[in-house]
Each structure stands twice: as C-alpha cells, then as structure tokens.
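Asker: I'm passing along model_3.txt; it holds compact mmCIF, C-alpha atoms.
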```
# COMPACT_ATOMS: atom_id res chain seq x y z
CA MET A 1 6.04 0.43 -29.89
CA LYS A 2 5.69 -0.33 -26.25
CA THR A 3 5.48 3.39 -25.45
CA GLU A 4 2.72 3.92 -28.01
CA GLY A 5 0.65 1.10 -26.47
CA THR A 6 1.01 2.56 -23.00
CA ASN A 7 -0.04 5.99 -24.22
CA GLU A 8 -3.12 4.51 -25.88
CA LYS A 9 -4.13 2.81 -22.67
CA THR A 10 -3.70 5.98 -20.72
CA GLN A 11 -5.82 7.86 -23.26
CA GLU A 12 -8.54 5.23 -23.01
CA LYS A 13 -8.54 5.51 -19.26
CA LYS A 14 -8.80 9.26 -19.43
CA TYR A 15 -11.64 9.01 -21.93
CA SER A 16 -13.59 6.53 -19.78
CA ARG A 17 -13.17 8.75 -16.76
CA LYS A 18 -14.50 11.69 -18.71
CA ILE A 19 -17.59 9.71 -19.76
CA ILE A 20 -18.32 8.61 -16.21
CA ILE A 21 -17.87 12.10 -14.76
CA SER A 22 -20.03 13.62 -17.49
CA LEU A 23 -22.81 11.08 -16.89
CA ILE A 24 -22.74 11.74 -13.15
CA VAL A 25 -23.00 15.49 -13.77
CA VAL A 26 -25.95 14.97 -16.14
CA VAL A 27 -27.78 12.78 -13.63
CA ILE A 28 -27.21 15.31 -10.84
CA LEU A 29 -28.46 18.15 -13.06
CA VAL A 30 -31.59 16.24 -14.06
CA PHE A 31 -32.48 15.38 -10.47
CA SER A 32 -31.88 18.94 -9.35
CA VAL A 33 -34.27 20.23 -11.98
CA ILE A 34 -36.94 17.66 -11.06
CA THR A 35 -36.63 18.39 -7.33
CA LEU A 36 -36.74 22.15 -7.82
CA SER A 37 -39.84 22.07 -10.02
CA PHE A 38 -41.64 19.67 -7.69
CA THR A 39 -40.84 21.81 -4.66
CA ALA A 40 -42.06 24.90 -6.48
CA TYR A 41 -45.34 23.16 -7.35
CA VAL A 42 -45.93 21.87 -3.81
CA ASN A 43 -45.32 25.29 -2.31
CA LEU A 44 -47.72 26.88 -4.75
CA GLU A 45 -50.44 24.34 -3.92
CA LYS A 46 -49.94 24.79 -0.15
CA LYS A 47 -50.14 28.60 -0.46
CA GLU A 48 -53.39 28.32 -2.36
CA GLN A 49 -54.90 25.90 0.15
CA ALA A 50 -53.86 28.00 3.13
CA LYS A 51 -55.41 31.09 1.59
CA ASN A 52 -58.72 29.34 1.02
CA GLU A 53 -58.80 27.76 4.48
CA GLU A 54 -58.32 31.12 6.14
CA GLN A 55 -61.26 32.58 4.34
CA HIS A 56 -63.44 29.49 4.98
CA GLN A 57 -64.34 29.45 1.33
CA HIS A 58 -64.78 26.57 -1.05
CA GLU A 59 -61.39 25.23 -2.11
CA GLN A 60 -60.24 25.00 -5.62
CA SER A 61 -57.14 23.45 -6.99
CA GLN A 62 -55.89 22.43 -10.37
CA LYS A 63 -53.08 20.44 -11.74
CA GLY A 64 -51.86 20.01 -15.25
CA GLN A 65 -51.44 22.17 -18.29
CA ASP A 66 -53.07 25.59 -18.67
CA ASN A 67 -55.45 24.38 -21.34
CA VAL A 68 -57.10 21.82 -19.04
CA PHE A 69 -58.81 22.90 -15.87
CA MET A 70 -60.72 21.02 -13.24
CA THR A 71 -62.26 22.02 -9.91
CA TYR A 72 -64.18 20.33 -7.14
CA VAL A 73 -66.27 22.57 -4.92
CA GLU A 74 -68.03 21.34 -1.79
CA ASP A 75 -71.03 22.89 -0.10
CA ILE A 76 -70.21 24.37 3.31
CA ASN A 77 -72.73 22.03 4.99
CA GLY A 78 -72.39 18.29 4.87
CA ILE A 79 -74.51 15.48 6.23
CA ARG A 80 -75.05 15.66 10.02
CA ILE A 81 -77.57 13.13 11.22
CA GLU A 82 -77.62 12.36 14.93
CA ASN A 83 -79.69 9.76 16.76
CA ALA A 84 -80.34 8.11 13.41
CA SER A 85 -82.78 5.23 13.23
CA PRO A 86 -83.04 2.63 10.48
CA VAL A 87 -85.30 3.85 7.68
CA ARG A 88 -86.54 2.44 4.41
CA ASP A 89 -84.90 3.51 1.17
CA GLU A 90 -88.00 5.48 0.13
CA VAL A 91 -87.56 7.61 3.23
CA GLY A 92 -83.78 7.95 2.88
CA LYS A 93 -83.97 9.07 -0.74
CA ALA A 94 -86.34 11.86 0.23
CA LEU A 95 -84.27 13.32 3.09
CA ASN A 96 -84.25 17.04 2.37
CA GLY A 97 -83.78 18.74 5.71
CA LYS A 98 -80.78 20.72 6.87
CA GLY A 99 -77.81 18.44 7.36
CA GLN A 100 -79.48 15.54 5.59
CA TYR A 101 -77.71 15.77 2.23
CA PHE A 102 -74.42 17.00 0.80
CA ASP A 103 -74.09 19.02 -2.40
CA PHE A 104 -70.93 19.38 -4.45
CA THR A 105 -69.86 20.40 -7.96
CA VAL A 106 -67.23 19.07 -10.36
CA SER A 107 -66.26 21.46 -13.14
CA THR A 108 -64.10 20.80 -16.18
CA LYS A 109 -62.66 23.10 -18.79
CA ILE A 110 -61.38 21.27 -21.83
CA SER A 111 -59.53 23.16 -24.57
CA LYS A 112 -57.97 20.27 -26.36
CA LYS A 113 -59.82 17.57 -28.16
CA THR A 114 -58.69 15.08 -25.52
CA PRO A 115 -61.52 14.33 -23.11
CA ILE A 116 -61.16 14.17 -19.34
CA VAL A 117 -62.27 11.25 -17.22
CA TYR A 118 -63.05 11.89 -13.58
CA GLU A 119 -64.15 9.73 -10.69
CA ILE A 120 -66.07 10.71 -7.60
CA ALA A 121 -64.90 8.54 -4.72
CA ALA A 122 -66.27 8.20 -1.20
CA ILE A 123 -63.60 7.72 1.44
CA LYS A 124 -64.73 6.07 4.67
CA ASP A 125 -63.23 7.37 7.89
CA LYS A 126 -61.27 4.63 9.61
CA ASN A 127 -62.89 5.51 12.95
CA SER A 128 -66.37 4.60 11.68
CA THR A 129 -67.97 1.99 13.94
CA LEU A 130 -71.08 1.13 11.95
CA ASP A 131 -70.85 -1.82 9.59
CA ASP A 132 -70.80 -0.94 5.90
CA LYS A 133 -73.85 -3.12 5.36
CA ASP A 134 -75.86 -1.05 7.85
CA VAL A 135 -75.48 2.20 5.90
CA LYS A 136 -76.99 3.09 2.55
CA ILE A 137 -75.28 5.54 0.20
CA TYR A 138 -77.17 7.34 -2.54
CA LEU A 139 -76.03 9.81 -5.19
CA GLU A 140 -78.04 12.07 -7.45
CA LYS A 141 -76.93 14.31 -10.34
CA GLN A 142 -78.64 17.48 -11.36
CA ASN A 143 -80.11 17.42 -14.84
CA SER A 144 -82.03 20.41 -16.17
CA GLY A 145 -82.69 21.66 -12.66
CA THR A 146 -83.86 18.33 -11.24
CA TYR A 147 -81.79 15.86 -9.28
CA GLU A 148 -81.86 12.37 -10.77
CA GLN A 149 -80.70 9.08 -9.33
CA VAL A 150 -77.18 7.96 -10.29
CA PHE A 151 -77.48 4.53 -8.68
CA GLU A 152 -79.87 2.64 -6.37
CA PRO A 153 -79.13 3.08 -2.67
CA GLN A 154 -76.41 0.66 -1.73
CA PRO A 155 -73.94 -0.06 1.04
CA PHE A 156 -70.38 1.22 0.89
CA THR A 157 -68.48 -1.05 -1.51
CA ALA A 158 -64.71 -0.71 -1.23
CA LEU A 159 -62.32 -0.95 -4.19
CA SER A 160 -59.96 -3.90 -4.04
CA GLU A 161 -57.28 -1.89 -5.83
CA LYS A 162 -56.54 1.62 -7.03
CA THR A 163 -58.25 2.58 -10.29
CA GLN A 164 -56.53 3.96 -13.36
CA VAL A 165 -58.12 7.33 -12.78
CA GLY A 166 -56.72 7.47 -9.26
CA SER A 167 -59.41 6.42 -6.78
CA PRO A 168 -57.45 4.62 -4.07
CA LYS A 169 -57.89 1.09 -2.80
CA GLY A 170 -60.58 1.01 -0.11
CA ALA A 171 -62.56 3.94 -1.56
CA MET A 172 -65.98 3.56 -3.17
CA VAL A 173 -66.37 4.96 -6.67
CA LEU A 174 -69.69 6.77 -6.76
CA LYS A 175 -69.47 7.82 -10.37
CA LYS A 176 -67.03 7.74 -13.26
CA VAL A 177 -67.58 10.35 -15.97
CA LYS A 178 -65.99 10.99 -19.35
CA LYS A 179 -66.21 14.65 -20.29
CA THR A 180 -65.79 15.74 -23.90
CA LYS A 181 -67.03 19.27 -23.33
CA SER A 182 -66.38 21.81 -20.63
CA GLY A 183 -69.07 22.14 -17.99
CA SER A 184 -70.14 21.81 -14.37
CA ASP A 185 -71.82 18.77 -12.85
CA ASN A 186 -73.82 19.22 -9.65
CA TYR A 187 -74.26 16.24 -7.35
CA ARG A 188 -76.20 15.46 -4.17
CA LEU A 189 -75.12 12.75 -1.73
CA ARG A 190 -77.33 11.15 0.94
CA MET A 191 -76.64 8.54 3.64
CA TRP A 192 -78.94 6.77 6.05
CA ILE A 193 -79.19 3.72 8.30
CA SER A 194 -80.56 0.73 6.42
CA ASP A 195 -83.92 -0.56 7.59
CA LYS A 196 -82.28 -4.00 7.79
CA ALA A 197 -79.81 -2.79 10.43
CA THR A 198 -80.06 -3.78 14.08
CA ILE A 199 -78.65 -0.99 16.18
CA THR A 200 -77.83 -1.83 19.76
CA ASP A 201 -75.39 0.91 20.63
CA VAL A 202 -74.28 4.41 19.78
CA LYS A 203 -72.24 4.18 16.55
CA THR A 204 -70.97 6.52 13.86
CA TYR A 205 -70.17 6.46 10.15
CA THR A 206 -68.19 9.20 8.43
CA VAL A 207 -67.50 9.69 4.76
CA THR A 208 -65.65 12.34 2.77
CA VAL A 209 -65.81 12.78 -1.00
CA ASN A 210 -62.71 13.07 -3.23
CA VAL A 211 -62.48 13.68 -6.96
CA TYR A 212 -59.78 12.33 -9.31
CA GLY A 213 -59.22 13.18 -12.98
CA VAL A 214 -57.04 12.13 -15.93
CA TYR A 215 -57.01 12.54 -19.66
CA GLY A 216 -59.49 10.22 -21.27
CA ASP A 217 -58.98 8.03 -24.33
CA MET B 1 -4.72 15.18 -30.90
CA ILE B 2 -7.32 15.53 -33.61
CA GLU B 3 -8.60 12.08 -32.74
CA GLU B 4 -8.99 13.05 -29.11
CA LYS B 5 -10.79 16.22 -30.06
CA ASN B 6 -13.19 14.22 -32.17
CA LYS B 7 -13.77 11.85 -29.32
CA ASN B 8 -14.51 14.68 -26.94
CA ILE B 9 -16.92 16.28 -29.39
CA LYS B 10 -18.71 12.97 -29.85
CA LEU B 11 -18.91 12.56 -26.09
CA LEU B 12 -20.35 16.02 -25.60
CA VAL B 13 -22.91 15.54 -28.35
CA SER B 14 -23.96 12.18 -26.86
CA LEU B 15 -24.34 13.67 -23.41
CA LEU B 16 -26.36 16.56 -24.82
CA LEU B 17 -28.65 14.17 -26.62
CA VAL B 18 -29.11 12.15 -23.43
CA PHE B 19 -29.91 15.35 -21.56
CA VAL B 20 -32.44 16.42 -24.15
CA LEU B 21 -34.02 12.96 -24.21
CA ILE B 22 -34.43 12.92 -20.45
CA PHE B 23 -36.07 16.33 -20.51
CA ILE B 24 -38.39 15.28 -23.29
CA ILE B 25 -39.50 12.34 -21.14
CA ILE B 26 -40.00 14.52 -18.08
CA GLY B 27 -41.75 17.16 -20.13
CA ALA B 28 -44.06 14.56 -21.60
CA SER B 29 -44.88 13.30 -18.08
CA TYR B 30 -45.70 16.80 -16.87
CA ALA B 31 -47.82 17.26 -19.96
CA ALA B 32 -50.02 14.35 -18.81
CA PHE B 33 -53.07 15.60 -16.93
CA TYR B 34 -53.67 14.39 -13.40
CA TYR B 35 -56.13 15.83 -10.91
CA LYS B 36 -56.74 14.95 -7.31
CA LYS B 37 -58.79 16.87 -4.79
CA GLU B 38 -59.56 15.55 -1.33
CA GLY B 39 -62.83 16.67 0.21
CA LYS B 40 -62.75 18.52 3.52
CA ILE B 41 -66.42 18.16 4.49
CA ARG B 42 -67.11 15.24 6.81
CA ASN B 43 -70.49 13.60 6.30
CA VAL B 44 -71.48 11.95 9.56
CA ILE B 45 -74.27 9.68 10.76
CA SER B 46 -74.49 8.71 14.41
CA THR B 47 -77.01 6.36 15.92
CA ARG B 48 -78.73 5.87 19.17
CA SER B 49 -80.14 2.65 20.46
CA VAL B 50 -83.48 1.90 22.16
CA GLN B 51 -84.03 -1.58 23.50
CA CYS B 52 -87.37 -2.28 25.14
CA THR B 53 -88.86 -5.14 27.06
CA PHE B 54 -92.49 -5.64 27.99
CA ASN B 55 -93.63 -7.91 30.75
CA GLU B 56 -97.29 -8.45 29.92
CA GLY B 57 -98.26 -10.52 32.94
CA THR B 58 -100.96 -13.19 32.79
CA PRO B 59 -103.67 -13.21 30.10
CA ILE B 60 -107.03 -11.75 31.14
CA TYR B 61 -109.89 -14.22 31.53
CA ILE B 62 -113.13 -13.28 33.24
CA LYS B 63 -115.92 -15.81 33.22
CA SER B 64 -119.37 -15.44 34.77
CA ALA B 65 -118.16 -13.10 37.46
CA PHE B 66 -120.62 -11.34 39.75
CA PRO B 67 -121.17 -7.63 39.11
CA ILE B 68 -119.57 -5.39 41.73
CA SER B 69 -119.54 -1.68 42.47
CA ASP B 70 -116.77 0.65 41.37
CA GLU B 71 -115.71 1.26 44.97
CA VAL B 72 -115.12 -2.45 45.41
CA GLY B 73 -113.61 -2.86 41.94
CA LYS B 74 -110.99 -0.16 42.57
CA ILE B 75 -109.58 -1.99 45.53
CA LEU B 76 -109.65 -5.55 44.18
CA MET B 77 -106.62 -7.23 45.61
CA THR B 78 -106.74 -10.58 43.91
CA ASP B 79 -103.82 -11.44 41.75
CA THR B 80 -105.42 -13.15 38.76
CA ALA B 81 -102.77 -15.82 38.32
CA THR B 82 -105.42 -18.43 39.05
CA GLY B 83 -107.69 -17.16 36.25
CA TYR B 84 -111.49 -16.77 36.21
CA GLU B 85 -111.16 -13.98 38.72
CA GLN B 86 -111.94 -10.34 38.77
CA GLY B 87 -108.77 -8.78 40.03
CA TYR B 88 -105.72 -6.96 38.86
CA TYR B 89 -103.21 -7.56 36.14
CA ASP B 90 -99.69 -6.13 36.27
CA ALA B 91 -97.60 -5.25 33.22
CA THR B 92 -94.30 -3.37 32.89
CA ILE B 93 -92.69 -1.67 29.91
CA SER B 94 -88.97 -0.79 30.15
CA CYS B 95 -86.69 0.83 27.60
CA GLU B 96 -82.93 1.29 27.77
CA CYS B 97 -81.74 4.19 25.69
CA LYS B 98 -78.18 4.84 24.47
CA GLY B 99 -77.75 8.24 22.88
CA SER B 100 -80.69 10.61 22.71
CA CYS B 101 -84.15 9.00 22.65
CA ARG B 102 -87.56 10.56 22.67
CA GLY B 103 -90.98 9.19 21.85
CA ASN B 104 -94.23 7.85 23.22
CA TYR B 105 -95.71 4.51 24.14
CA GLU B 106 -99.14 2.90 24.38
CA ILE B 107 -100.18 0.01 26.59
CA TYR B 108 -103.33 -1.49 25.17
CA LEU B 109 -105.77 -4.33 25.57
CA THR B 110 -106.23 -6.80 22.76
CA ASP B 111 -109.56 -8.57 22.97
CA THR B 112 -109.03 -12.27 22.26
CA THR B 113 -112.52 -13.47 23.21
CA ASN B 114 -113.87 -13.72 19.68
CA LYS B 115 -111.06 -15.94 18.53
CA ASP B 116 -113.15 -18.75 19.96
CA SER B 117 -116.51 -18.64 18.18
CA THR B 118 -118.14 -20.88 20.78
CA ILE B 119 -117.68 -18.31 23.53
CA ASP B 120 -120.43 -15.83 24.36
CA LYS B 121 -118.63 -12.56 24.98
CA ILE B 122 -119.47 -10.06 27.71
CA ASP B 123 -120.42 -6.71 26.15
CA ASP B 124 -117.69 -4.07 26.42
CA LYS B 125 -120.07 -1.64 28.13
CA TYR B 126 -120.27 -3.90 31.20
CA ILE B 127 -116.51 -4.40 31.66
CA LYS B 128 -114.95 -1.82 33.97
CA THR B 129 -111.27 -0.82 33.87
CA TYR B 130 -109.13 1.09 36.36
CA VAL B 131 -105.39 1.69 36.03
CA THR B 132 -102.79 2.59 38.68
CA ASN B 133 -99.01 2.44 38.73
CA GLY B 134 -99.02 -0.60 41.00
CA ASN B 135 -96.79 1.02 43.62
CA GLU B 136 -97.54 1.10 47.29
CA LEU B 137 -99.47 4.37 47.05
CA GLU B 138 -101.14 3.25 43.81
CA GLN B 139 -101.12 6.50 41.88
CA VAL B 140 -104.08 6.60 39.51
CA LEU B 141 -103.05 6.55 35.85
CA SER B 142 -106.52 6.14 34.35
CA PRO B 143 -109.87 6.51 36.19
CA VAL B 144 -112.72 4.01 36.04
CA LYS B 145 -113.96 3.57 32.48
CA THR B 146 -115.85 0.88 30.66
CA LEU B 147 -114.10 -0.91 27.90
CA ASP B 148 -116.09 0.86 25.19
CA GLN B 149 -115.11 4.23 26.70
CA LEU B 150 -111.40 3.58 26.27
CA GLU B 151 -109.50 5.31 23.48
CA THR B 152 -108.75 3.24 20.41
CA ALA B 153 -105.08 2.50 19.75
CA THR B 154 -103.34 4.40 16.90
CA THR B 155 -102.58 1.47 14.67
CA ASN B 156 -105.33 -1.04 15.37
CA ASP B 157 -108.75 -1.38 16.97
CA ASP B 158 -107.43 -2.29 20.40
CA LYS B 159 -108.21 -0.28 23.50
CA VAL B 160 -105.60 1.94 25.10
CA ILE B 161 -105.24 1.36 28.81
CA TYR B 162 -102.50 3.91 29.33
CA LYS B 163 -100.13 5.99 27.20
CA GLY B 164 -97.21 8.24 27.95
CA ASP B 165 -94.11 10.02 26.61
CA PHE B 166 -90.49 9.18 27.29
CA ALA B 167 -87.11 10.86 26.91
CA GLY B 168 -84.24 8.51 27.65
CA THR B 169 -84.19 5.28 29.61
CA PHE B 170 -87.46 4.62 31.47
CA SER B 171 -89.67 1.98 33.04
CA GLN B 172 -93.43 2.13 33.58
CA LYS B 173 -95.49 -0.40 35.52
CA ILE B 174 -99.25 -0.47 35.24
CA ARG B 175 -101.79 -2.30 37.32
CA LEU B 176 -105.05 -2.89 35.48
CA ARG B 177 -108.14 -3.83 37.48
CA LEU B 178 -111.08 -5.35 35.62
CA TRP B 179 -114.54 -6.18 36.92
CA ILE B 180 -118.11 -6.56 35.79
CA GLY B 181 -120.15 -3.40 36.39
CA GLU B 182 -123.22 -3.38 38.61
CA ASP B 183 -125.45 -2.76 35.60
CA TYR B 184 -124.59 -6.12 34.05
CA PRO B 185 -127.82 -8.17 33.52
CA VAL B 186 -127.18 -11.37 35.37
CA GLY B 187 -128.85 -14.26 33.61
CA GLU B 188 -128.52 -17.89 32.93
CA LYS B 189 -126.13 -17.79 30.06
CA VAL B 190 -122.41 -17.96 30.73
CA GLN B 191 -120.42 -15.13 29.22
CA THR B 192 -116.70 -14.58 29.08
CA PHE B 193 -114.10 -11.93 28.40
CA LYS B 194 -110.54 -12.73 27.33
CA ALA B 195 -107.76 -10.32 26.51
CA LYS B 196 -104.03 -9.76 26.39
CA ILE B 197 -102.08 -6.66 27.36
CA ASN B 198 -99.69 -5.37 24.69
CA ALA B 199 -97.46 -2.33 24.23
CA LYS B 200 -96.21 -0.22 21.35
CA ILE B 201 -93.37 2.33 21.16
CA SER B 202 -93.18 5.20 18.67
CA GLU B 203 -90.36 7.68 18.13
```
Mind turning this structure into structure tokens?
Answerer:
Amino acid sequence: MKTEGTNEKTQEKKYSRKIIISLIVVVILVFSVITLSFTAYVNLEKKEQAKNEEQHQHEQSQKGQDNVFMTYVEDINGIRIENASPVRDEVGKALNGKGQYFDFTVSTKISKKTPIVYEIAAIKDKNSTLDDKDVKIYLEKQNSGTYEQVFEPQPFTALSEKTQVGSPKGAMVLKKVKKTKSGSDNYRLRMWISDKATITDVKTYTVTVNVYGVYGD
Amino acid sequence: MIEEKNKNIKLLVSLLLVFVLIFIIIGASYAAFYYKKEGKIRNVISTRSVQCTFNEGTPIYIKSAFPISDEVGKILMTDTATGYEQGYYDATISCECKGSCRGNYEIYLTDTTNKDSTIDKIDDKYIKTYVTNGNELEQVLSPVKTLDQLETATTNDDKVIYKGDFAGTFSQKIRLRLWIGEDYPVGEKVQTFKAKINAKISE
C-alpha cells in the first residue's frame, strides 16, 4: 500500500513538472513569434522611409491590413516667415505668398464597411520661444476646388492627454475626420503673429503636422 | 500506464488550445487598424523687434513775432524753451532693431492752434520752416519752405517736416527753425501759431 502511495506521488510530481515545462516552452514560442514579426515590420518600415528620404520625395507609409490603406503626403515647401510682425486675422488668413502656407493631403482607401477615423495634429517644437498666445493657427480644407475654413484662427491649444485616435498629449488636434468612403482630403495650414502680440525680441515658433488613424465605430 | 497516457494527451490538447487562443488574440490585435505618420516639414515663424522712441522737444508757440528775413531765420539760435520765441525746436527719433528691419519714417507738425477757438491763427503762408540735423555742421535736411508748401503726411492732414528710410537700428535728430516771413502784414491784431512735432514709423 505504502509503495503504491509513493508511486502516485512521484507520478504527480512528474506530471506537474511536465505542465510547467510545457507552459514555459509555449510562452517562449509565443514571444519569439511576436518579436520576430515586430522586427520584420520595423525593418520594412525603415527601408521604405530610407528609400523615400534619399529621393527627397513625399513619404508614404501604411500600417494595418491590406484592405485598409492610408497615406499622408506633405508639400515640399512649408511655412517660412522671417521678420514676422503682428498682423490682423484678416491679413493672416489671406497669406498666399511663397513660404506663407503649408499644403498636405490625407488619403484613405477603405474596402471594408468599417470606417476610418483620422486626426490631424500639430506638434509644437520644444525649442519654440514665442508664447502660444502670440501665434495664430488656421486650417483650411479644399472643397470642390476652393479652400474653406476648418476653424477660426486660434492659438495653439495643447491636449491634456492622448486621444483615442492617437494624437499625443501636448499636440493640438486641428481636425478629426470620420471617413466612410475612400478619398483624398487636401488641407492648407497657415500661421502668423497675432496682432495682440507684443514682440520685443527675436523669437521663433515651429510646428510640424502628424496624422493618426484608427478604425471608426 | 493508460491513465498516464490519457493525462499526457489531455495536457497536450490543453497546451495546444492555449497556444491557439494566444495566437487568436495576437492575430485579432494585428487585425486592428492603426496609422501614425509624423510630418517631416518644419513650419517656422521668426520675428524681429523694432522699438522706437521719439523725443519731441518743447511744443511750438509763436505769438506776435516780428517778421524776419530767411537769412536771419536760418541762423536763429534761440532755444525756444522759454516760449513765445522764434527759434529752433529739436526732436529725435530712435529705433532699436533686433532681427532684420526695414521701413520709413515721417516727422511731422501737428497744428494745435485751432484747438483754442479764441486764438487768431497766423496764416500758414507766412510761417517759414527750415530743417537741419542739429549737428555742429548743421546739414540741411529740408530747405526754407512755408508751412503751406510742406508735404501732407500720409495718414492725416499734418505737415511733413522731414522723412527718411531706415534699415536696422538708427537715430535721427532734426532741428526745426520757425519764423514769420517778411511778407507778413503786421497789424494791430495779435495772432498766434501753436504746434507739436510728432513722428510715425512704417514698415
């Protein structure tokens, strides 16, 4: 009897060991697969970016399944205003010279019935020395060949936390769009010194534009 | 033995199911769409600063002065701090520029005589003006002209004494001499001329 009990215990021990070893192997396998696929994706993205940078062309990148496609293309020329003086909004909104506005395009290709939501976010450079309140930001969207106002000129307004779509904390969401059909949206960004600003020194303000997208509801 | 075999089979099946479940979860996560693209183009505004000061000197006040010739008027040496005198009036405009600045300025005369309706004003055609830079050599900035011959300022009806362009930090002093021309009809009535010197900057 005693011998049978001892054998049972030994069997149990062996069985438990097998379970533990098997679980460890499964976990290692799963993590290996995740790491390998992530590494493969990152390398693919870097190759694509490097290729575009060399050619000085507009960059494109995509992420996600083959049936959903999104791109963000920037114009080669951005806003370059030097020796800027404070101006009224009526003047700022009409700035049309070289280096006085920035054009970009967000394109979506939707094959499924699930819509895409994207956000255009302005990211302020941390080396900017002008106060947010001294700069006006203004966005227009092209509609039937004409650019129309998206919002009234306003100062940079930073997010207090990251949005669900992905715009990070500290960015300013310029526009949030829900797309149910494929298409391209053309935008025009302008910036100027507010006529309420008092400028007593040489200062700068730099902004880049990012785009984030997710499946919509 | 059979029992152990069964146990092992059950263990393998469980592990397989766990494996499949984990991959379903990962697969579902990868199936979720997420897009992020950071812009490369930097949109930049940079400012420059122009801070100006204008020392306008004393207000102009000529009352019942005797007419004098232009030769005498051009060398009037009286500082008009005491008032009621034909003499000269000094004013200085200075601008400190940080960054790149370019523009023009006007120094002009604002007639304040008619603010007091009881005052009989001297006609502009009898008031002579002459502008130098007020330095030792007194470089002429504007020759002798009567008040009505002076150019009208760009944004109001005032008379421009002197105007110039600037590029960067600068300072410009002017010395304005005023007198009553020889052709003034001296009579019994007392007439007066009052004015202030002002300046305007445009970029």
Asker: Could you check how far CA of Thr110 (chain B) sits from CA of Val72 (chain B), in Å to one decimal?
Answerer: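 Interatomic distance, CA of Thr110 (chain B) to CA of Val72 (chain B): 24.7 Å.
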Asker: Between A:Val214, A:Met191, A:Ile123, A:Leu130, which residue has the minimum interatomic distance to Gly166 (chain A), considering all atoms listed in the file?
Answerer: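 Selected residue with least distance to Gly166 (chain A): A:Val214.
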Asker: If we count only C-alpha atoms, which residues of chain B reach to within 9 Å of chain A? Please list them as a compact mmCIF listing (two decimals) with C-alpha atoms, in the frame of the given file.
Answerer:
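Written output follows (result-v5.txt):
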```
# COMPACT_ATOMS: atom_id res chain seq x y z
CA GLU B 4 -8.99 13.05 -29.11
CA LYS B 7 -13.77 11.85 -29.32
CA ASN B 8 -14.51 14.68 -26.94
CA LEU B 11 -18.91 12.56 -26.09
CA LEU B 12 -20.35 16.02 -25.60
CA LEU B 15 -24.34 13.67 -23.41
CA LEU B 16 -26.36 16.56 -24.82
CA VAL B 18 -29.11 12.15 -23.43
CA PHE B 19 -29.91 15.35 -21.56
CA ILE B 22 -34.43 12.92 -20.45
CA PHE B 23 -36.07 16.33 -20.51
CA ILE B 26 -40.00 14.52 -18.08
CA TYR B 30 -45.70 16.80 -16.87
CA ALA B 31 -47.82 17.26 -19.96
CA ALA B 32 -50.02 14.35 -18.81
CA PHE B 33 -53.07 15.60 -16.93
CA TYR B 34 -53.67 14.39 -13.40
CA TYR B 35 -56.13 15.83 -10.91
CA LYS B 36 -56.74 14.95 -7.31
CA LYS B 37 -58.79 16.87 -4.79
CA GLU B 38 -59.56 15.55 -1.33
CA GLY B 39 -62.83 16.67 0.21
CA LYS B 40 -62.75 18.52 3.52
CA ILE B 41 -66.42 18.16 4.49
CA ARG B 42 -67.11 15.24 6.81
CA ASN B 43 -70.49 13.60 6.30
CA VAL B 44 -71.48 11.95 9.56
CA ILE B 45 -74.27 9.68 10.76
CA SER B 46 -74.49 8.71 14.41
CA THR B 47 -77.01 6.36 15.92
CA ARG B 48 -78.73 5.87 19.17
CA SER B 49 -80.14 2.65 20.46
CA VAL B 50 -83.48 1.90 22.16
CA GLN B 51 -84.03 -1.58 23.50
CA CYS B 97 -81.74 4.19 25.69
CA LYS B 98 -78.18 4.84 24.47
CA GLY B 99 -77.75 8.24 22.88
CA SER B 100 -80.69 10.61 22.71
CA CYS B 101 -84.15 9.00 22.65
```
Asker: Env of Ser94 (chain B): 10 Å cut, atoms = all atoms listed in the file, seq-sep filter 6 positions within chain, self excluded. Answer as a PyMOL selection string.
Answerer: chain B and resi 51-55+169-173
Asker: I'd like the interatomic distance between CA of Glu56 (chain B) and CA of Ile197 (chain B), to a tenth of an Å.
Answerer: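 Rounded to one decimal, the two atoms are 5.7 Å apart.
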Asker: Just the residues within 7 Å of region 142-159 of chain B, please, counting only C-alpha atoms, with nothing from its chain fewer than 4 positions along; format it as a PyMOL selection string.
Answerer: chain B and resi 108-110+124-132
Asker: Got time to write the residues from that selection, C-alpha atoms, as a short mmCIF file (atom, residue, chain, number, x, y, z; two decimals), in the coordinates of the input?
Answerer:
```cif
data_model
loop_
_atom_site.label_atom_id
_atom_site.label_comp_id
_atom_site.auth_asym_id
_atom_site.auth_seq_id
_atom_site.Cartn_x
_atom_site.Cartn_y
_atom_site.Cartn_z
CA TYR B 108 -103.33 -1.49 25.17
CA LEU B 109 -105.77 -4.33 25.57
CA THR B 110 -106.23 -6.80 22.76
CA ASP B 124 -117.69 -4.07 26.42
CA LYS B 125 -120.07 -1.64 28.13
CA TYR B 126 -120.27 -3.90 31.20
CA ILE B 127 -116.51 -4.40 31.66
CA LYS B 128 -114.95 -1.82 33.97
CA THR B 129 -111.27 -0.82 33.87
CA TYR B 130 -109.13 1.09 36.36
CA VAL B 131 -105.39 1.69 36.03
CA THR B 132 -102.79 2.59 38.68
#
```
